[in-house]
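Novice: Before I ask anything, let me first share the structure, which is written out below as structure tokens.
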Amino acid sequence: FVMEGDGGGPQNIYDNEAFFQGYTTQVTHVEWNPFNDGTEHPCMVRLMDAAGPPWSRVLDLGAGAGRLALHLLGGGLAEQVTLLDPSERMLGVAEEKLRQAGVRERATLVQQPAETYELPANSLDAVVSSLAVHYLEDYRGLCRRIFSWLRPGGVFVFSTEHPTSACIPDGVER
């Protein structure tokens, strides 16, 4: 998520103009992505659906463009979802999608790195995260914090990027 900024300090890569333009062009103009659309997202949907919703409060960690939150809110699987992402631009994309789907009022958008985000103990029914936790340096610490945030019986549903997903050959069709 983080690269060195012009002033030598950290900067969120999704808020870098050149990266963001290339990324949004890819995700909005590519009809079908073999890994995300063909494997990861359908698996996350099945896992979330099987994990015991409906839930009252859900945290979407590394929410990006809000794809998981849209599924949860649009499908009646969650009453309220907090979308946590360090990128202002990605949260802007998510907000527009939530608004278009008519579920914006049930979503809270928080621009903050997961490493510094805190919640009271036992305050969530579920934490979901799609292709984000592998970017975080202190995975064990994050898991300890997540498990403290979950109510008894709460679930943490997540996916990580597998190295082979980053090397899908050009021309792969569904």
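Here, A, B, ... name the chains of the structure tokens in the order displayed, residue numbers run from 1 inside each chain, and ligands are numbered from 1 in the same displayed order.
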Which polymer residues have any atom within 12 Å of an atom of A:Ser148, counting only C-alpha atoms, with same-chain residues fewer than 4 positions away left out, as a list of chain:residue names?
Specialist: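 Here the qualifying residues turn out to be A:Glu118, A:Leu119, A:Pro120, A:Ala121, A:Asn122, A:Ser123, A:Leu124, A:Asp125, A:Ala126, A:Val127, A:Gly141, A:Leu142, A:Cys143, A:Arg144, A:Pro152, A:Gly153, A:Gly154, A:Val155, A:Phe156.
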Novice: Please, could you write that set of residues out with N, CA, C and O atoms as a tab-separated table (two decimals), in the first residue's frame?
Specialist:
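Listing of selection.tsv after writing:
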```
chain	number	residue	atom	x	y	z
A	118	GLU	N	-8.22	1.60	15.44
A	118	GLU	CA	-8.58	0.93	16.69
A	118	GLU	C	-10.09	0.96	16.88
A	118	GLU	O	-10.76	1.89	16.44
A	119	LEU	N	-10.60	-0.06	17.52
A	119	LEU	CA	-12.01	-0.17	17.87
A	119	LEU	C	-12.12	-0.74	19.28
A	119	LEU	O	-11.20	-1.42	19.75
A	120	PRO	N	-13.25	-0.52	19.93
A	120	PRO	CA	-13.46	-1.16	21.23
A	120	PRO	C	-13.57	-2.68	21.07
A	120	PRO	O	-13.99	-3.18	20.02
A	121	ALA	N	-13.23	-3.39	22.12
A	121	ALA	CA	-13.36	-4.85	22.12
A	121	ALA	C	-14.83	-5.24	21.93
A	121	ALA	O	-15.74	-4.52	22.37
A	122	ASN	N	-15.04	-6.36	21.29
A	122	ASN	CA	-16.37	-6.94	21.10
A	122	ASN	C	-17.35	-6.00	20.40
A	122	ASN	O	-18.53	-5.95	20.75
A	123	SER	N	-16.88	-5.26	19.41
A	123	SER	CA	-17.75	-4.27	18.76
A	123	SER	C	-18.18	-4.65	17.35
A	123	SER	O	-18.98	-3.95	16.75
A	124	LEU	N	-17.67	-5.77	16.82
A	124	LEU	CA	-18.00	-6.16	15.44
A	124	LEU	C	-18.52	-7.60	15.38
A	124	LEU	O	-18.11	-8.45	16.16
A	125	ASP	N	-19.37	-7.83	14.40
A	125	ASP	CA	-19.83	-9.19	14.12
A	125	ASP	C	-18.91	-9.89	13.12
A	125	ASP	O	-18.78	-11.11	13.13
A	126	ALA	N	-18.32	-9.10	12.23
A	126	ALA	CA	-17.45	-9.69	11.20
A	126	ALA	C	-16.44	-8.65	10.72
A	126	ALA	O	-16.70	-7.45	10.73
A	127	VAL	N	-15.28	-9.16	10.30
A	127	VAL	CA	-14.29	-8.38	9.58
A	127	VAL	C	-14.05	-9.13	8.28
A	127	VAL	O	-13.85	-10.35	8.29
A	141	GLY	N	0.00	-9.03	14.71
A	141	GLY	CA	-0.57	-7.97	15.53
A	141	GLY	C	-1.95	-7.56	15.02
A	141	GLY	O	-2.86	-7.31	15.81
A	142	LEU	N	-2.09	-7.49	13.71
A	142	LEU	CA	-3.39	-7.16	13.12
A	142	LEU	C	-4.43	-8.21	13.52
A	142	LEU	O	-5.53	-7.86	13.94
A	143	CYS	N	-4.06	-9.47	13.40
A	143	CYS	CA	-5.02	-10.53	13.77
A	143	CYS	C	-5.40	-10.46	15.24
A	143	CYS	O	-6.58	-10.62	15.58
A	144	ARG	N	-4.44	-10.19	16.11
A	144	ARG	CA	-4.77	-10.04	17.54
A	144	ARG	C	-5.79	-8.92	17.74
A	144	ARG	O	-6.76	-9.07	18.49
A	152	PRO	N	-18.17	-12.45	20.57
A	152	PRO	CA	-18.15	-13.92	20.59
A	152	PRO	C	-18.95	-14.46	19.40
A	152	PRO	O	-20.05	-14.00	19.10
A	153	GLY	N	-18.36	-15.40	18.68
A	153	GLY	CA	-19.00	-15.96	17.49
A	153	GLY	C	-18.73	-15.16	16.22
A	153	GLY	O	-19.17	-15.54	15.14
A	154	GLY	N	-18.00	-14.04	16.36
A	154	GLY	CA	-17.69	-13.23	15.18
A	154	GLY	C	-16.71	-13.93	14.26
A	154	GLY	O	-16.03	-14.88	14.65
A	155	VAL	N	-16.64	-13.46	13.01
A	155	VAL	CA	-15.80	-14.12	12.01
A	155	VAL	C	-14.88	-13.12	11.31
A	155	VAL	O	-15.21	-11.94	11.17
A	156	PHE	N	-13.74	-13.63	10.87
A	156	PHE	CA	-12.78	-12.88	10.06
A	156	PHE	C	-12.65	-13.65	8.74
A	156	PHE	O	-12.12	-14.76	8.71
```
Novice: Go through A:Leu109, A:Leu59, A:Ala50, A:Leu77 one by one, measure the shortest atom-to-atom distance of each to A:Leu91 using only C-alpha atoms, and give the residue with the smallest value.
Specialist: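 Using only C-alpha atoms, A:Leu91 sits closest to A:Leu109.
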Novice: Extract, using only C-alpha atoms, all DNA, RNA and protein residues at most 10 Å from stretch 97-103 of chain A, discarding same-chain residues fewer than 5 positions from it, and format them as a list of chain:residue names.
Specialist: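 The filter keeps A:Ala65, A:Gly66, A:Arg67, A:Ala69, A:Leu70, A:Leu73, A:Gly74, A:Glu79, A:Gln80, A:Val81, A:Leu91, A:Gly92.
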